[in-house]
file model18.txt (compact mmCIF, C-alpha atoms)
# COMPACT_ATOMS: atom_id res chain seq x y z
CA MET A 1 -34.21 92.69 179.06
CA LYS A 2 -36.85 94.72 180.92
CA ARG A 3 -39.65 92.65 182.39
CA VAL A 4 -43.16 94.06 181.95
CA SER A 5 -46.12 92.84 183.96
CA PHE A 6 -49.02 91.16 182.17
CA LYS A 7 -51.44 93.79 183.56
CA ARG A 8 -49.22 96.63 182.27
CA GLU A 9 -49.18 95.04 178.78
CA LEU A 10 -52.97 94.86 178.78
CA LEU A 11 -53.19 98.54 179.65
CA ARG A 12 -51.07 99.39 176.63
CA ARG A 13 -53.44 97.54 174.30
CA ILE A 14 -56.44 99.61 175.45
CA PRO A 15 -56.31 103.05 173.75
CA VAL A 16 -58.00 104.93 176.59
CA LEU A 17 -55.62 103.48 179.19
CA SER A 18 -52.42 103.55 177.16
CA ARG A 19 -51.53 106.96 178.66
CA VAL A 20 -51.78 105.44 182.12
CA ALA A 21 -49.35 102.72 181.08
CA ARG A 22 -46.90 105.27 179.71
CA ALA A 23 -47.12 107.29 182.93
CA LEU A 24 -46.44 104.19 184.99
CA ASP A 25 -43.42 103.41 182.80
CA ALA A 26 -42.09 106.95 183.31
CA LEU A 27 -42.53 106.73 187.08
CA GLU A 28 -40.75 103.38 187.12
CA GLU A 29 -37.81 104.81 185.16
CA GLU A 30 -37.64 107.81 187.52
CA ASN A 31 -37.70 105.46 190.52
CA HIS A 32 -34.79 103.42 189.11
CA ALA A 33 -32.81 106.61 188.49
CA LEU A 34 -33.40 107.91 192.02
CA LYS A 35 -32.37 104.58 193.52
CA ALA A 36 -29.16 104.61 191.46
CA GLU A 37 -28.41 108.19 192.55
CA ASN A 38 -29.04 107.28 196.19
CA ARG A 39 -26.67 104.30 195.96
CA GLU A 40 -23.98 106.50 194.45
CA LEU A 41 -24.44 109.16 197.14
CA ARG A 42 -24.15 106.57 199.89
CA LYS A 43 -20.93 105.30 198.34
CA ARG A 44 -19.47 108.79 198.42
CA ILE A 45 -20.49 109.78 201.94
CA ALA A 46 -20.40 106.47 203.75
CA GLN A 47 -16.81 105.33 203.33
CA PRO A 48 -15.88 102.78 206.01
CA VAL A 49 -13.84 104.02 208.96
CA LEU A 50 -10.38 102.54 209.32
CA LEU A 51 -9.60 101.36 212.83
CA SER A 52 -6.21 100.24 214.01
CA THR A 53 -6.85 96.60 214.96
CA SER A 54 -9.41 93.88 214.42
CA LYS A 55 -10.22 94.15 218.12
CA ASP A 56 -11.28 97.76 217.55
CA VAL A 57 -13.61 96.74 214.75
CA GLN A 58 -15.45 94.34 217.03
CA ALA A 59 -15.56 96.68 220.01
CA ASP A 60 -18.73 98.37 221.21
CA PRO A 61 -18.65 101.83 219.52
CA SER A 62 -19.85 103.43 222.75
CA GLU A 63 -16.54 102.42 224.32
CA LEU A 64 -14.39 103.96 221.59
CA SER A 65 -13.08 107.51 221.53
CA GLU A 66 -12.08 109.70 218.64
CA ALA A 67 -9.16 112.12 218.61
CA THR A 68 -11.12 114.53 220.83
CA GLY A 69 -11.46 111.87 223.51
CA LEU A 70 -15.27 111.99 223.49
CA PRO A 71 -17.29 108.76 223.69
CA LEU A 72 -19.11 107.58 220.57
CA PRO A 73 -22.82 106.73 220.53
CA PRO A 74 -24.02 103.21 219.65
CA ALA A 75 -24.87 102.28 216.08
CA TYR A 76 -28.67 102.45 216.46
CA LEU A 77 -28.49 106.07 217.61
CA ARG A 78 -26.05 107.00 214.85
CA GLU A 79 -28.39 105.53 212.25
CA TRP A 80 -31.37 107.36 213.73
CA VAL A 81 -29.70 110.78 213.38
CA ALA A 82 -27.68 110.28 210.19
CA GLY A 83 -29.64 107.68 208.20
CA THR A 84 -26.64 105.35 208.42
CA ASP A 85 -24.72 103.85 211.32
CA ASP A 86 -21.43 104.43 209.49
CA LEU A 87 -19.01 105.77 212.08
CA HIS A 88 -16.84 107.63 209.58
CA TRP A 89 -19.78 109.61 208.21
CA PHE A 90 -21.19 110.30 211.68
CA LEU A 91 -17.92 111.96 212.66
CA GLU A 92 -17.20 113.65 209.33
CA GLY A 93 -20.77 114.86 208.85
CA GLY A 94 -20.85 116.26 212.37
CA GLU A 95 -17.55 118.05 211.86
CA LEU A 96 -18.81 119.51 208.58
CA GLY A 97 -21.92 120.67 210.43
CA GLY A 98 -19.74 122.53 212.91
CA GLN A 99 -17.80 124.07 210.04
CA THR A 100 -21.06 125.12 208.42
CA ILE A 101 -22.02 127.07 211.54
CA SER A 102 -18.68 128.84 211.94
CA SER A 103 -18.31 129.63 208.22
CA ILE A 104 -21.84 131.03 207.88
CA LEU A 105 -21.30 133.24 210.92
CA ALA A 106 -17.86 134.31 209.69
CA LYS A 107 -19.34 135.48 206.39
CA HIS A 108 -21.22 138.05 208.45
CA ASN A 109 -18.34 138.91 210.79
CA ILE A 110 -19.81 136.96 213.71
CA GLU A 111 -17.44 134.92 215.89
CA LEU A 112 -18.94 131.80 217.40
CA GLU A 113 -16.55 131.86 220.35
CA LYS A 114 -17.88 135.28 221.40
CA LEU A 115 -21.47 134.14 221.78
CA GLU A 116 -22.72 133.43 225.29
CA SER A 117 -25.27 130.67 224.67
CA VAL A 118 -25.99 128.31 221.77
CA LEU A 119 -28.75 125.70 221.33
CA ASP A 120 -28.59 122.67 219.06
CA PHE A 121 -32.29 122.15 218.27
CA GLY A 122 -32.73 118.54 217.21
CA CYS A 123 -29.31 117.53 218.50
CA GLY A 124 -29.92 113.77 218.30
CA CYS A 125 -27.00 111.96 219.92
CA GLY A 126 -24.66 114.92 219.58
CA ARG A 127 -23.52 114.55 215.96
CA VAL A 128 -22.74 118.27 215.57
CA ILE A 129 -22.51 119.65 219.10
CA ARG A 130 -19.64 117.28 219.97
CA HIS A 131 -17.50 119.29 217.53
CA LEU A 132 -18.20 122.55 219.40
CA HIS A 133 -16.89 121.38 222.76
CA LEU A 134 -13.66 123.38 222.43
CA TYR A 135 -15.64 126.64 222.64
CA GLU A 136 -15.35 126.56 226.41
CA ALA A 137 -16.65 130.11 226.94
CA VAL A 138 -19.92 129.32 225.16
CA ARG A 139 -22.76 127.75 227.12
CA LEU A 140 -23.84 124.87 224.89
CA HIS A 141 -27.29 123.27 225.06
CA GLY A 142 -28.93 120.45 223.12
CA THR A 143 -32.54 119.35 222.88
CA ASP A 144 -34.36 116.60 220.99
CA CYS A 145 -37.61 114.62 221.08
CA ASN A 146 -35.69 111.31 221.20
CA GLN A 147 -35.34 110.46 224.89
CA ALA A 148 -32.76 107.69 224.29
CA ALA A 149 -30.49 110.05 222.35
CA ILE A 150 -30.74 112.74 225.03
CA ALA A 151 -30.08 110.22 227.79
CA TRP A 152 -26.90 109.16 225.99
CA CYS A 153 -25.78 112.77 225.50
CA ASP A 154 -26.51 113.65 229.09
CA GLU A 155 -24.38 110.77 230.30
CA ASN A 156 -21.47 111.10 227.88
CA LEU A 157 -21.13 114.71 226.69
CA ASN A 158 -20.66 116.66 229.90
CA PHE A 159 -19.54 119.91 228.25
CA ALA A 160 -23.17 120.80 227.41
CA GLU A 161 -26.62 120.69 229.00
CA PHE A 162 -29.22 118.44 227.38
CA GLY A 163 -32.96 117.96 227.65
CA THR A 164 -35.94 116.65 225.74
CA ASN A 165 -38.68 118.53 223.95
CA PRO A 166 -42.11 117.39 222.73
CA LEU A 167 -43.02 117.20 219.05
CA GLU A 168 -44.98 120.41 219.47
CA PRO A 169 -43.76 123.57 221.25
CA PRO A 170 -43.12 125.00 223.74
CA THR A 171 -39.69 124.05 225.03
CA ARG A 172 -38.69 124.36 228.67
CA TYR A 173 -36.40 127.34 227.96
CA ARG A 174 -37.07 130.84 229.20
CA GLN A 175 -37.73 133.74 226.86
CA HIS A 176 -34.58 135.30 225.35
CA SER A 177 -32.27 132.46 226.38
CA PHE A 178 -29.96 132.05 223.35
CA ASP A 179 -27.69 134.07 221.08
CA LEU A 180 -27.76 131.34 218.44
CA ILE A 181 -29.95 128.34 217.64
CA TYR A 182 -29.12 125.95 214.84
CA ALA A 183 -31.52 123.33 213.50
CA PHE A 184 -29.99 120.99 210.94
CA SER A 185 -32.52 118.98 208.93
CA VAL A 186 -35.31 119.53 211.45
CA PHE A 187 -37.78 121.59 209.44
CA THR A 188 -37.25 119.05 206.63
CA HIS A 189 -39.39 116.55 208.57
CA LEU A 190 -42.25 118.66 209.93
CA THR A 191 -45.71 119.58 208.67
CA GLU A 192 -46.40 123.18 207.74
CA SER A 193 -48.34 123.93 210.93
CA LEU A 194 -45.58 122.50 213.13
CA GLN A 195 -42.94 124.45 211.24
CA ALA A 196 -44.83 127.69 211.87
CA ALA A 197 -45.27 126.87 215.54
CA TRP A 198 -41.60 126.01 216.02
CA MET A 199 -40.46 129.19 214.25
CA GLN A 200 -42.48 131.19 216.78
CA GLU A 201 -40.88 129.20 219.59
CA MET A 202 -37.41 129.85 218.15
CA ARG A 203 -38.20 133.56 218.12
CA ARG A 204 -39.42 133.41 221.72
CA ILE A 205 -36.30 131.77 223.15
CA LEU A 206 -33.81 133.76 221.06
CA LYS A 207 -32.42 136.98 222.46
CA PRO A 208 -33.16 140.24 220.64
CA GLN A 209 -30.95 140.22 217.53
CA GLY A 210 -30.49 136.49 218.13
CA LEU A 211 -29.48 134.24 215.24
CA LEU A 212 -31.11 131.12 213.81
CA ILE A 213 -29.52 128.74 211.28
CA ILE A 214 -31.84 126.26 209.57
CA THR A 215 -31.28 123.80 206.72
CA VAL A 216 -33.97 122.67 204.27
CA HIS A 217 -34.53 120.66 201.09
CA GLY A 218 -34.26 123.14 198.23
CA ASP A 219 -34.03 123.02 194.43
CA TYR A 220 -31.54 120.14 194.42
CA TYR A 221 -34.21 117.78 195.78
CA LEU A 222 -36.87 118.52 193.13
CA PRO A 223 -36.38 115.16 191.36
CA GLN A 224 -37.50 113.40 194.55
CA ILE A 225 -41.09 114.67 194.28
CA THR A 226 -43.79 114.15 191.67
CA LEU A 227 -44.34 116.46 188.70
CA SER A 228 -47.46 117.97 190.26
CA GLU A 229 -45.57 118.58 193.51
CA GLN A 230 -42.73 120.13 191.52
CA ALA A 231 -45.24 122.52 189.94
CA ARG A 232 -46.44 123.57 193.38
CA TYR A 233 -42.84 124.02 194.53
CA GLN A 234 -42.06 126.16 191.48
CA ARG A 235 -45.04 128.35 192.40
CA GLY A 236 -43.36 129.02 195.75
CA GLU A 237 -45.44 126.59 197.80
CA LEU A 238 -44.16 124.31 200.54
CA VAL A 239 -44.42 120.61 199.66
CA VAL A 240 -44.66 118.02 202.46
CA THR A 241 -44.84 114.27 201.81
CA GLY A 242 -45.47 111.50 204.33
CA GLU A 243 -47.19 113.78 206.85
CA GLU A 244 -48.43 110.76 208.80
CA ALA A 245 -44.78 110.13 209.82
CA VAL A 246 -44.21 113.69 211.04
CA GLY A 247 -40.95 114.07 212.94
CA GLN A 248 -39.39 111.07 211.21
CA ASN A 249 -37.31 110.69 208.04
CA LEU A 250 -40.33 109.33 206.14
CA CYS A 251 -41.89 112.79 206.41
CA ALA A 252 -40.08 115.12 204.01
CA ALA A 253 -40.60 118.85 203.45
CA TYR A 254 -39.33 120.79 200.42
CA HIS A 255 -38.81 124.54 200.77
CA PRO A 256 -38.61 126.93 197.80
CA GLU A 257 -36.65 130.07 198.60
CA PRO A 258 -39.65 132.45 198.29
CA TYR A 259 -41.59 130.35 200.80
CA VAL A 260 -38.78 130.55 203.35
CA ARG A 261 -38.36 134.30 202.88
CA ASN A 262 -42.02 135.29 202.76
CA ILE A 263 -43.78 132.74 204.97
CA LEU A 264 -41.58 130.50 207.13
CA ALA A 265 -39.19 133.32 208.15
CA LYS A 266 -41.67 136.18 207.90
CA ASP A 267 -40.96 137.29 211.47
CA PHE A 268 -37.18 137.14 210.98
CA GLU A 269 -34.63 139.05 208.96
CA VAL A 270 -33.06 136.79 206.33
CA VAL A 271 -29.40 137.64 206.80
CA GLY A 272 -27.99 135.03 204.42
CA PHE A 273 -29.08 132.32 202.00
CA PHE A 274 -26.64 129.55 201.11
CA PRO A 275 -27.87 127.17 198.37
CA GLN A 276 -26.62 123.64 199.09
CA GLY A 277 -24.60 125.24 201.88
CA ALA A 278 -25.25 122.69 204.64
CA LEU A 279 -21.99 120.77 204.43
CA GLY A 280 -22.92 118.20 207.06
CA ASN A 281 -26.32 117.59 205.44
CA PRO A 282 -25.25 117.31 201.80
CA LYS A 283 -27.09 119.43 199.25
CA GLN A 284 -29.51 121.01 201.75
CA ASP A 285 -29.88 124.79 201.62
CA ALA A 286 -28.90 126.84 204.67
CA TYR A 287 -30.38 130.11 205.93
CA LEU A 288 -29.08 132.53 208.54
CA LEU A 289 -31.97 134.41 210.17
CA ARG A 290 -32.10 137.15 212.83
CA THR A 291 -34.85 138.20 215.19

call {"tool": "encode", "arguments": {"input": "model18.txt", "output": "structure tokens"}}
result
Amino acid sequence: MKRVSFKRELLRRIPVLSRVARALDALEEENHALKAENRELRKRIAQPVLLSTSKDVQADPSELSEATGLPLPPAYLREWVAGTDDLHWFLEGGELGGQTISSILAKHNIELEKLESVLDFGCGCGRVIRHLHLYEAVRLHGTDCNQAAIAWCDENLNFAEFGTNPLEPPTRYRQHSFDLIYAFSVFTHLTESLQAAWMQEMRRILKPQGLLIITVHGDYYLPQITLSEQARYQRGELVVTGEEAVGQNLCAAYHPEPYVRNILAKDFEVVGFFPQGALGNPKQDAYLLRT
């Protein structure tokens, strides 16, 4: 039986405030539904990894190696980049991210292995870039604002060059440095002004005809915002919540397709749009842009 607060019951008895009570009830129901959906999603994507012995289970993850032979980051760094410290999802999600890059490029007859230089913008502790290490002819770079994550990458992933960047541009890279930059779930956690500034920085450090892959919260995520915010989104406006936590997961940005095409990527050519196409960041939309 649903428990209703005494104050809520009083609101219902007052005609003028009864609408407020009904609105609160609706928000509570929506909150319960979102929590249930989130629990179900975590069950699907966070299956426990099976290790060979009980000794492995108790071992420090930084001392373990996957089939590629690369070290694994500690749990606190995995949770920071993936929202969970689950080792299975860290590896699977990163691999799916790598597949997202290669498949998006392949749809436009672009071969990743033929590019000279690639930057993982917001690389964290190497969730995606670790799965690109076999592209030995490509100069791989990673950058992030988390100094601990970059320190770990720099020490353990010696096939790429890593460095930190501030929350606001510029980066340390020279103009026209990269053939491809990918930014998975980075613009999803920035304010509008920072997004615009970083898009200009991406354009600066990309080569002419350089490529940029970004992923964003699109239509699938509409139930996560309020009805008034949904109305703004449907009008083609960017919606950002939790701006005081910019750069963190608590700050969330929602990008309607017209906003990306006409405002965020106004100085780029939109080569491809892939609704819910970010395999390593489930249900996020992916865009392939060109300078």

call {"tool": "closest_residue", "arguments": {"input": "model18.txt", "among": "A:Gln147, A:Thr241, A:Ser103, A:Gln276", "to": "Ile225 (chain A)", "atoms": "only C-alpha atoms"}}
result
A:Thr241

call {"tool": "axis_aligned_box", "arguments": {"input": "model18.txt", "around": "region 107-124 of chain A", "padding_each_side": "3 Å", "output": "JSON"}}
result
{"center_x": -24.6, "center_y": 126.3, "center_z": 215.8, "size_x": 22.2, "size_y": 31.1, "size_z": 24.9}

call {"tool": "closest_residue", "arguments": {"input": "model18.txt", "among": "A:Thr164, A:Thr291, A:Ser177, A:Thr191", "to": "Arg139 (chain A)", "atoms": "only C-alpha atoms"}}
result
A:Ser177

call {"tool": "closest_residue", "arguments": {"input": "model18.txt", "among": "A:Ala196, A:Ala75, A:Leu227, A:Lys266", "to": "Trp89 (chain A)", "atoms": "all atoms listed in the file"}}
result
A:Ala75

call {"tool": "residues_near_point", "arguments": {"input": "model18.txt", "point": "(-35.7, 111.5, 221.5)", "cutoff": "12 Å", "atoms": "only C-alpha atoms", "output": "JSON, numbers by chain"}}
result
{"A": [77, 80, 81, 121, 122, 123, 124, 125, 126, 142, 143, 144, 145, 146, 147, 148, 149, 150, 151, 152, 153, 162, 163, 164, 165, 166, 167, 247, 248]}

call {"tool": "write_last_selection", "arguments": {"input": "model18.txt", "atoms": "C-alpha atoms", "output": "PDB file, in the coordinates of the input"}}
result
ATOM      1  CA  LEU A  77     -28.490 106.070 217.610  1.00  0.00           C
ATOM      2  CA  TRP A  80     -31.370 107.360 213.730  1.00  0.00           C
ATOM      3  CA  VAL A  81     -29.700 110.780 213.380  1.00  0.00           C
ATOM      4  CA  PHE A 121     -32.290 122.150 218.270  1.00  0.00           C
ATOM      5  CA  GLY A 122     -32.730 118.540 217.210  1.00  0.00           C
ATOM      6  CA  CYS A 123     -29.310 117.530 218.500  1.00  0.00           C
ATOM      7  CA  GLY A 124     -29.920 113.770 218.300  1.00  0.00           C
ATOM      8  CA  CYS A 125     -27.000 111.960 219.920  1.00  0.00           C
ATOM      9  CA  GLY A 126     -24.660 114.920 219.580  1.00  0.00           C
ATOM     10  CA  GLY A 142     -28.930 120.450 223.120  1.00  0.00           C
ATOM     11  CA  THR A 143     -32.540 119.350 222.880  1.00  0.00           C
ATOM     12  CA  ASP A 144     -34.360 116.600 220.990  1.00  0.00           C
ATOM     13  CA  CYS A 145     -37.610 114.620 221.080  1.00  0.00           C
ATOM     14  CA  ASN A 146     -35.690 111.310 221.200  1.00  0.00           C
ATOM     15  CA  GLN A 147     -35.340 110.460 224.890  1.00  0.00           C
ATOM     16  CA  ALA A 148     -32.760 107.690 224.290  1.00  0.00           C
ATOM     17  CA  ALA A 149     -30.490 110.050 222.350  1.00  0.00           C
ATOM     18  CA  ILE A 150     -30.740 112.740 225.030  1.00  0.00           C
ATOM     19  CA  ALA A 151     -30.080 110.220 227.790  1.00  0.00           C
ATOM     20  CA  TRP A 152     -26.900 109.160 225.990  1.00  0.00           C
ATOM     21  CA  CYS A 153     -25.780 112.770 225.500  1.00  0.00           C
ATOM     22  CA  PHE A 162     -29.220 118.440 227.380  1.00  0.00           C
ATOM     23  CA  GLY A 163     -32.960 117.960 227.650  1.00  0.00           C
ATOM     24  CA  THR A 164     -35.940 116.650 225.740  1.00  0.00           C
ATOM     25  CA  ASN A 165     -38.680 118.530 223.950  1.00  0.00           C
ATOM     26  CA  PRO A 166     -42.110 117.390 222.730  1.00  0.00           C
ATOM     27  CA  LEU A 167     -43.020 117.200 219.050  1.00  0.00           C
ATOM     28  CA  GLY A 247     -40.950 114.070 212.940  1.00  0.00           C
ATOM     29  CA  GLN A 248     -39.390 111.070 211.210  1.00  0.00           C
TER      30      GLN A 248
END

call {"tool": "closest_residue", "arguments": {"input": "model18.txt", "among": "A:Met199, A:Ile110, A:Tyr76, A:Leu70", "to": "Leu91 (chain A)", "atoms": "all atoms listed in the file"}}
result
A:Leu70

call {"tool": "atom_distance", "arguments": {"input": "model18.txt", "atom1": "CA of Gly97 (chain A)", "atom2": "CA of Gln284 (chain A)"}}
result
11.5 Å

call {"tool": "residues_around", "arguments": {"input": "model18.txt", "residues": "Gly98 (chain A)", "least_positions_apart": "3", "cutoff": "12 Å", "atoms": "all atoms listed in the file", "output": "PDB file with C-alpha atoms, keeping the file's coordinate frame"}}
result
ATOM      1  CA  LEU A  91     -17.920 111.960 212.660  1.00  0.00           C
ATOM      2  CA  GLU A  92     -17.200 113.650 209.330  1.00  0.00           C
ATOM      3  CA  GLY A  93     -20.770 114.860 208.850  1.00  0.00           C
ATOM      4  CA  GLY A  94     -20.850 116.260 212.370  1.00  0.00           C
ATOM      5  CA  GLU A  95     -17.550 118.050 211.860  1.00  0.00           C
ATOM      6  CA  ILE A 101     -22.020 127.070 211.540  1.00  0.00           C
ATOM      7  CA  SER A 102     -18.680 128.840 211.940  1.00  0.00           C
ATOM      8  CA  SER A 103     -18.310 129.630 208.220  1.00  0.00           C
ATOM      9  CA  ILE A 104     -21.840 131.030 207.880  1.00  0.00           C
ATOM     10  CA  LEU A 105     -21.300 133.240 210.920  1.00  0.00           C
ATOM     11  CA  LEU A 112     -18.940 131.800 217.400  1.00  0.00           C
ATOM     12  CA  ASP A 120     -28.590 122.670 219.060  1.00  0.00           C
ATOM     13  CA  GLY A 126     -24.660 114.920 219.580  1.00  0.00           C
ATOM     14  CA  ARG A 127     -23.520 114.550 215.960  1.00  0.00           C
ATOM     15  CA  VAL A 128     -22.740 118.270 215.570  1.00  0.00           C
ATOM     16  CA  ILE A 129     -22.510 119.650 219.100  1.00  0.00           C
ATOM     17  CA  ARG A 130     -19.640 117.280 219.970  1.00  0.00           C
ATOM     18  CA  HIS A 131     -17.500 119.290 217.530  1.00  0.00           C
ATOM     19  CA  LEU A 132     -18.200 122.550 219.400  1.00  0.00           C
ATOM     20  CA  HIS A 133     -16.890 121.380 222.760  1.00  0.00           C
ATOM     21  CA  LEU A 134     -13.660 123.380 222.430  1.00  0.00           C
ATOM     22  CA  TYR A 135     -15.640 126.640 222.640  1.00  0.00           C
ATOM     23  CA  TYR A 182     -29.120 125.950 214.840  1.00  0.00           C
ATOM     24  CA  ALA A 183     -31.520 123.330 213.500  1.00  0.00           C
ATOM     25  CA  PHE A 184     -29.990 120.990 210.940  1.00  0.00           C
ATOM     26  CA  ILE A 213     -29.520 128.740 211.280  1.00  0.00           C
ATOM     27  CA  ALA A 278     -25.250 122.690 204.640  1.00  0.00           C
ATOM     28  CA  LEU A 279     -21.990 120.770 204.430  1.00  0.00           C
ATOM     29  CA  GLY A 280     -22.920 118.200 207.060  1.00  0.00           C
ATOM     30  CA  ASN A 281     -26.320 117.590 205.440  1.00  0.00           C
TER      31      ASN A 281
END

call {"tool": "atom_distance", "arguments": {"input": "model18.txt", "atom1": "CA of Val240 (chain A)", "atom2": "CA of Ser228 (chain A)"}}
result
12.5 Å

call {"tool": "closest_residue", "arguments": {"input": "model18.txt", "among": "A:Thr226, A:Gln200, A:Thr215, A:Asn158", "to": "Leu288 (chain A)", "atoms": "all atoms listed in the file"}}
result
A:Thr215

call {"tool": "closest_residue", "arguments": {"input": "model18.txt", "among": "A:Gln99, A:Gln209, A:Gln175, A:Ser185", "to": "Lys283 (chain A)", "atoms": "all atoms listed in the file"}}
result
A:Ser185

call {"tool": "atom_distance", "arguments": {"input": "model18.txt", "atom1": "CA of Glu201 (chain A)", "atom2": "CA of Asp179 (chain A)"}}
result
14.1 Å
